[in-house]
Amino acid sequence: MTYEQALSYLASVAKFGIQPGLHRIEKLLALMGNPERQYRTIHVTGTNGKGSTTAFIAAILNAAGIRTGMFTSPHLVDYTERIVISGNMISEHDFAAAIQYTSQYVEIMTADGYDHPTEFEILTAAAFYHFAVTQVEYAVIEVGMGGLLDSTNVIRPQAAVITNVAVEHTDRCGATVAEIAAHKAGIIKPDMPVITAAKGEALNIIYSQADNLHAPLFSIDRDFFVQWKGEQDWQQQLTVRTNKYGNVTNLRTKLLGDHQAENCACAVMVAQVLAVQDSRITPESIRSGVAAAVWPGRFEVLQSQPTVIVDGAHNPAGAEALRLALNRYFGDQPITFVFGVLADKDIAGIIARLFRPQDQVITVAPLSDRAADAHMLSRQISAKRAEGADTLDEAIAKAEQWAGETGVVCICGSLYLIGSARKMIVTR
């Protein structure tokens, strides 16, 4: 199987859609010899920040000299972004080999009368297999959706992370914060540490589940704390304090915003917990890992004159975090946005949190059948001016013209849009 054939195969199984539940992935992995049991894992979920937190944890383990796998989703540009070993994306050859190997067991499974696995389940199994054959010591696994019924929830992790909880995926995880928190708390396992930055009602649900399973819980602003020490050269400087394991000072990260400070703190707390059993994880490796961590498309500064930032703010909580970050770094300065979202998102909630009267907004449709129409979207936005564009090229060119050399352009919304924009800007 070539890489192109692997992509064609994945496209062919996309018709099975999203089907929460563990029976298919459990059967597939059992046929494959349960590769996910051959290394230690850390499991990460949350409404926002789970990808960044996964990247922080993996970078810290890499800096400690530990061979580490990382599984994330979705990708911005290429499927190979989803499976990473020690900071390096899987090669197209190895990706194809992992998909081909997994597909053999899919055929055995369906021939025996079992339901066909979904695309994400096949990707998950292929990642677990690749981590096993490349002999990682740890794999940091990001949940695809929710937690309880997500196909990644077959692992027994050394630690679980729930970054935060807000309303999302209401058709799959429930209509209230409490119902969604219960889904995310579904990754908690008996006696395994849990680290969270969740607050309010969601935190109460997580507390209850952790208590029921005798899982030690570390909660931000109670058991660990993050202090912002300043910003220099597009890096924020932090200190993370913990009640049980001491402090890690002089942290510097390229991931910007208060939300990334909290994500960083969760990762540092995970590292402190793991360090009890692994002496390779030290304050210095934590500092080195935090400094090395990258997570493309999340408040990422791509150029100057004008300053161009991309951010995957595709739900109200993400939009609010982006707005706070823009306010921190640019104050009252007007922002020129390129904005596009999928039609099934909470568009009104995103708009209400993101745009101010002095801002300018150019809307564009992401490359998806589910994209909101750009021109209809522009009419929902109250700003200094808002208008639709027919292509992303047109939208970016117009935004840079409106902003001028001293202005700020923020390209945000759907990750489909962010991936296309990022590729366009970094390669021009």
# chains A, B, ... in the order shown; residues from 1 in each chain; ligands from 1
call {"tool": "closest_atom_pairs", "arguments": {"of": "region 46-117 of chain A", "to": "region 285-293 of chain A", "cutoff": "8 Å", "atoms": "only C-alpha atoms", "output": "Markdown table"}}
result
| residue | atom | partner | partner_atom | distance |
| --- | --- | --- | --- | --- |
| A:Ala55 | CA | A:Ala293 | CA | 6.1 |
| A:Phe56 | CA | A:Ala293 | CA | 5.4 |
| A:Ile57 | CA | A:Gly289 | CA | 7.9 |
| A:Ala58 | CA | A:Gly289 | CA | 8.0 |
| A:Ala59 | CA | A:Gly289 | CA | 4.6 |
| A:Ile60 | CA | A:Gly289 | CA | 3.8 |
| A:Leu61 | CA | A:Gly289 | CA | 7.2 |
| A:Asn62 | CA | A:Gly289 | CA | 7.0 |
| A:Ala63 | CA | A:Gly289 | CA | 5.2 |
| A:Ala64 | CA | A:Ser285 | CA | 5.1 |
call {"tool": "residues_around", "arguments": {"residues": "region 345-357 of chain A", "least_positions_apart": "5", "cutoff": "6 Å", "atoms": "only C-alpha atoms", "output": "PyMOL selection string"}}
result
chain A and resi 315-316+319-320+323+383-384
call {"tool": "atom_distance", "arguments": {"atom1": "CA of Ala265 (chain A)", "atom2": "CA of Asn243 (chain A)"}}
result
13.0 Å
call {"tool": "closest_residue", "arguments": {"among": "A:Asp191, A:Asp393, A:Glu137, A:Asp258", "to": "Ser420 (chain A)", "atoms": "only C-alpha atoms"}}
result
A:Asp393
call {"tool": "closest_residue", "arguments": {"among": "A:Asn204, A:Pro20, A:Thr68, A:Tyr9", "to": "Leu123 (chain A)", "atoms": "only C-alpha atoms"}}
result
A:Tyr9
call {"tool": "residues_around", "arguments": {"residues": "Val194 (chain A)", "least_positions_apart": "2", "cutoff": "8 Å", "atoms": "only C-alpha atoms", "output": "PDB file with N, CA and C atoms, in the first residue's frame"}}
result
ATOM      1  N   ALA A 159      -1.426   8.655  33.700  1.00  0.00           N
ATOM      2  CA  ALA A 159      -2.093   9.865  34.181  1.00  0.00           C
ATOM      3  C   ALA A 159      -3.118  10.278  33.142  1.00  0.00           C
ATOM      4  N   ALA A 160      -4.191  10.906  33.601  1.00  0.00           N
ATOM      5  CA  ALA A 160      -5.216  11.441  32.706  1.00  0.00           C
ATOM      6  C   ALA A 160      -5.293  12.950  32.913  1.00  0.00           C
ATOM      7  N   VAL A 161      -5.554  13.673  31.824  1.00  0.00           N
ATOM      8  CA  VAL A 161      -5.652  15.128  31.875  1.00  0.00           C
ATOM      9  C   VAL A 161      -6.990  15.562  31.289  1.00  0.00           C
ATOM     10  N   ILE A 162      -7.700  16.416  32.002  1.00  0.00           N
ATOM     11  CA  ILE A 162      -8.916  17.056  31.486  1.00  0.00           C
ATOM     12  C   ILE A 162      -8.662  18.556  31.546  1.00  0.00           C
ATOM     13  N   ILE A 188     -11.100   8.814  33.254  1.00  0.00           N
ATOM     14  CA  ILE A 188     -10.484   8.560  34.565  1.00  0.00           C
ATOM     15  C   ILE A 188     -10.509   7.061  34.839  1.00  0.00           C
ATOM     16  N   MET A 192      -5.499   5.959  39.106  1.00  0.00           N
ATOM     17  CA  MET A 192      -4.585   6.693  38.240  1.00  0.00           C
ATOM     18  C   MET A 192      -4.744   8.197  38.436  1.00  0.00           C
ATOM     19  N   THR A 196      -6.378  18.451  36.151  1.00  0.00           N
ATOM     20  CA  THR A 196      -7.400  19.212  35.447  1.00  0.00           C
ATOM     21  C   THR A 196      -7.299  20.706  35.709  1.00  0.00           C
ATOM     22  N   ALA A 210     -13.475  11.010  40.114  1.00  0.00           N
ATOM     23  CA  ALA A 210     -12.156  10.661  40.647  1.00  0.00           C
ATOM     24  C   ALA A 210     -12.285  10.023  42.029  1.00  0.00           C
ATOM     25  N   ALA A 215      -9.021   7.848  42.411  1.00  0.00           N
ATOM     26  CA  ALA A 215      -7.988   8.418  41.547  1.00  0.00           C
ATOM     27  C   ALA A 215      -7.514   9.743  42.140  1.00  0.00           C
ATOM     28  N   PRO A 216      -6.240   9.869  42.453  1.00  0.00           N
ATOM     29  CA  PRO A 216      -5.733  11.140  43.000  1.00  0.00           C
ATOM     30  C   PRO A 216      -5.996  12.276  42.014  1.00  0.00           C
ATOM     31  N   LEU A 217      -6.574  13.372  42.501  1.00  0.00           N
ATOM     32  CA  LEU A 217      -6.934  14.490  41.630  1.00  0.00           C
ATOM     33  C   LEU A 217      -6.093  15.712  41.950  1.00  0.00           C
ATOM     34  N   PHE A 218      -5.525  16.314  40.908  1.00  0.00           N
ATOM     35  CA  PHE A 218      -4.756  17.553  41.037  1.00  0.00           C
ATOM     36  C   PHE A 218      -5.474  18.623  40.224  1.00  0.00           C
TER      37      PHE A 218
END
call {"tool": "select_by_dssp", "arguments": {"residues": "region 177-229 of chain A", "states": "alpha helix (DSSP H)", "output": "list in words"}}
result
Val177, Ala178, Glu179, Ile180, Ala181, Ala182, His183, Lys184, Gly200, Glu201, Ala202, Leu203, Asn204, Ile205, Ile206, Tyr207, Ser208, Gln209, Ala210, Asp211 and Asn212 of chain A
call {"tool": "closest_residue", "arguments": {"among": "A:Glu179, A:Glu400, A:Glu121, A:Asp390", "to": "Leu148 (chain A)", "atoms": "only C-alpha atoms"}}
result
A:Glu179
call {"tool": "residues_around", "arguments": {"residues": "Thr47 (chain A)", "least_positions_apart": "4", "cutoff": "6 Å", "atoms": "only C-alpha atoms", "output": "PDB file with C-alpha atoms, in the first residue's frame"}}
result
ATOM      1  CA  ASN A 164     -11.323  22.248  30.658  1.00  0.00           C
ATOM      2  CA  VAL A 165     -15.000  21.686  29.901  1.00  0.00           C
ATOM      3  CA  ALA A 166     -17.440  23.814  27.891  1.00  0.00           C
TER       4      ALA A 166
END
call {"tool": "residues_around", "arguments": {"residues": "Lys254 (chain A)", "least_positions_apart": "6", "cutoff": "10 Å", "atoms": "only C-alpha atoms", "output": "MDAnalysis selection string"}}
result
chainID A and resid 231:237 260 290:295 299:301
call {"tool": "closest_residue", "arguments": {"among": "A:Lys244, A:Gly257, A:Gly46, A:Phe16", "to": "Lys199 (chain A)", "atoms": "only C-alpha atoms"}}
result
A:Gly46
call {"tool": "select_by_dssp", "arguments": {"residues": "region 155-318 of chain A", "states": "strand (DSSP E)", "output": "ChimeraX atom specification"}}
result
/A:159-162,194-196,217-219,224-232,235-242,246-253,300-303,307-311
call {"tool": "closest_residue", "arguments": {"among": "A:Gly419, A:Gly331, A:Gly65, A:Pro117", "to": "Gly21 (chain A)", "atoms": "only C-alpha atoms"}}
result
A:Pro117
call {"tool": "atom_distance", "arguments": {"atom1": "CA of Ile42 (chain A)", "atom2": "CA of Val140 (chain A)"}}
result
4.8 Å
call {"tool": "atom_distance", "arguments": {"atom1": "CA of Thr391 (chain A)", "atom2": "CA of Phe339 (chain A)"}}
result
11.7 Å
call {"tool": "residues_around", "arguments": {"residues": "region 98-110 of chain A", "least_positions_apart": "5", "cutoff": "8 Å", "atoms": "only C-alpha atoms", "output": "list of chain:residue names"}}
result
A:Met1, A:Ala6, A:Lys27, A:Leu28, A:Leu31, A:Met32, A:Asp115, A:His116, A:Pro117, A:Ile122, A:Leu123, A:Ala125, A:Ala126, A:Ala127, A:Tyr129, A:His130
call {"tool": "residues_around", "arguments": {"residues": "Tyr39 (chain A)", "least_positions_apart": "2", "cutoff": "12 Å", "atoms": "only C-alpha atoms", "output": "list in words"}}
result
Asn34, Pro35, Glu36, Arg37, Thr41, Ile42, Ile66, Arg67, Thr68, Gly69, Phe128, Tyr129, His130, Phe131, Ala132, Val133, Thr134, Gln135, Val136, Glu137, Tyr138, Ala139, Val140, Ile141, Ile155, Arg156, Pro157 and Gln158 of chain A
call {"tool": "write_last_selection", "arguments": {"atoms": "N, CA, C and O atoms", "output": "compact mmCIF listing (two decimals), in the first residue's frame"}}
result
# COMPACT_ATOMS: atom_id res chain seq x y z
N ASN A 34 -3.28 -6.39 20.87
CA ASN A 34 -3.30 -5.29 21.84
C ASN A 34 -1.98 -4.53 21.92
O ASN A 34 -1.30 -4.49 22.96
N PRO A 35 -1.59 -3.89 20.83
CA PRO A 35 -0.33 -3.14 20.84
C PRO A 35 -0.30 -2.00 21.85
O PRO A 35 0.77 -1.62 22.32
N GLU A 36 -1.47 -1.48 22.21
CA GLU A 36 -1.54 -0.34 23.15
C GLU A 36 -1.07 -0.70 24.55
O GLU A 36 -0.87 0.20 25.38
N ARG A 37 -0.87 -1.98 24.82
CA ARG A 37 -0.42 -2.42 26.15
C ARG A 37 1.10 -2.56 26.24
O ARG A 37 1.61 -2.98 27.28
N THR A 41 1.17 5.13 28.78
CA THR A 41 0.40 6.16 28.09
C THR A 41 -0.02 7.27 29.04
O THR A 41 -0.10 7.07 30.26
N ILE A 42 -0.27 8.44 28.45
CA ILE A 42 -0.91 9.56 29.13
C ILE A 42 -2.09 9.95 28.26
O ILE A 42 -1.96 10.07 27.05
N ILE A 66 13.34 10.44 26.70
CA ILE A 66 12.42 9.31 26.67
C ILE A 66 11.82 9.20 25.26
O ILE A 66 11.31 10.19 24.73
N ARG A 67 11.88 8.04 24.67
CA ARG A 67 11.30 7.83 23.34
C ARG A 67 9.77 7.91 23.48
O ARG A 67 9.15 7.06 24.14
N THR A 68 9.18 8.89 22.83
CA THR A 68 7.79 9.24 23.10
C THR A 68 6.99 9.32 21.81
O THR A 68 7.41 9.95 20.83
N GLY A 69 5.82 8.70 21.81
CA GLY A 69 4.87 8.84 20.72
C GLY A 69 3.81 9.87 21.07
O GLY A 69 3.54 10.13 22.25
N PHE A 128 -1.51 3.09 17.52
CA PHE A 128 -1.09 2.22 18.61
C PHE A 128 -0.11 1.16 18.11
O PHE A 128 0.88 0.83 18.77
N TYR A 129 -0.39 0.60 16.94
CA TYR A 129 0.51 -0.40 16.34
C TYR A 129 1.88 0.22 16.03
O TYR A 129 2.92 -0.37 16.35
N HIS A 130 1.87 1.42 15.42
CA HIS A 130 3.14 2.05 15.06
C HIS A 130 3.97 2.37 16.31
O HIS A 130 5.20 2.21 16.30
N PHE A 131 3.33 2.82 17.36
CA PHE A 131 4.06 3.09 18.60
C PHE A 131 4.70 1.82 19.14
O PHE A 131 5.81 1.84 19.68
N ALA A 132 4.00 0.69 19.00
CA ALA A 132 4.55 -0.58 19.48
C ALA A 132 5.77 -1.01 18.66
O ALA A 132 6.81 -1.38 19.23
N VAL A 133 5.66 -0.95 17.33
CA VAL A 133 6.77 -1.44 16.51
C VAL A 133 7.97 -0.51 16.54
O VAL A 133 9.10 -0.94 16.29
N THR A 134 7.76 0.75 16.88
CA THR A 134 8.89 1.68 17.01
C THR A 134 9.39 1.76 18.45
O THR A 134 10.28 2.55 18.75
N GLN A 135 8.80 0.96 19.33
CA GLN A 135 9.29 0.77 20.70
C GLN A 135 9.36 2.07 21.49
O GLN A 135 10.35 2.38 22.14
N VAL A 136 8.26 2.83 21.47
CA VAL A 136 8.20 4.00 22.34
C VAL A 136 8.08 3.53 23.79
O VAL A 136 7.59 2.44 24.07
N GLU A 137 8.53 4.38 24.69
CA GLU A 137 8.35 4.09 26.12
C GLU A 137 7.05 4.68 26.64
O GLU A 137 6.40 4.10 27.52
N TYR A 138 6.71 5.86 26.13
CA TYR A 138 5.46 6.53 26.49
C TYR A 138 4.76 6.94 25.20
O TYR A 138 5.42 7.26 24.20
N ALA A 139 3.44 6.97 25.23
CA ALA A 139 2.66 7.59 24.16
C ALA A 139 1.66 8.54 24.81
O ALA A 139 0.96 8.16 25.75
N VAL A 140 1.63 9.77 24.32
CA VAL A 140 0.68 10.77 24.80
C VAL A 140 -0.47 10.79 23.81
O VAL A 140 -0.29 11.09 22.63
N ILE A 141 -1.66 10.46 24.29
CA ILE A 141 -2.80 10.19 23.43
C ILE A 141 -3.88 11.25 23.65
O ILE A 141 -4.42 11.38 24.76
N ILE A 155 -7.12 2.60 26.66
CA ILE A 155 -5.82 2.55 27.33
C ILE A 155 -5.99 2.67 28.84
O ILE A 155 -7.00 3.19 29.33
N ARG A 156 -4.98 2.22 29.56
CA ARG A 156 -4.92 2.42 31.01
C ARG A 156 -3.72 3.33 31.26
O ARG A 156 -2.57 2.85 31.37
N PRO A 157 -3.95 4.61 31.36
CA PRO A 157 -2.84 5.56 31.37
C PRO A 157 -2.15 5.69 32.73
O PRO A 157 -2.72 5.35 33.77
N GLN A 158 -0.93 6.21 32.67
CA GLN A 158 -0.22 6.57 33.90
C GLN A 158 -0.81 7.82 34.53
O GLN A 158 -0.70 8.03 35.74
call {"tool": "closest_residue", "arguments": {"among": "A:Asp94, A:Val364, A:Leu326, A:Val154", "to": "Cys410 (chain A)", "atoms": "only C-alpha atoms"}}
result
A:Leu326
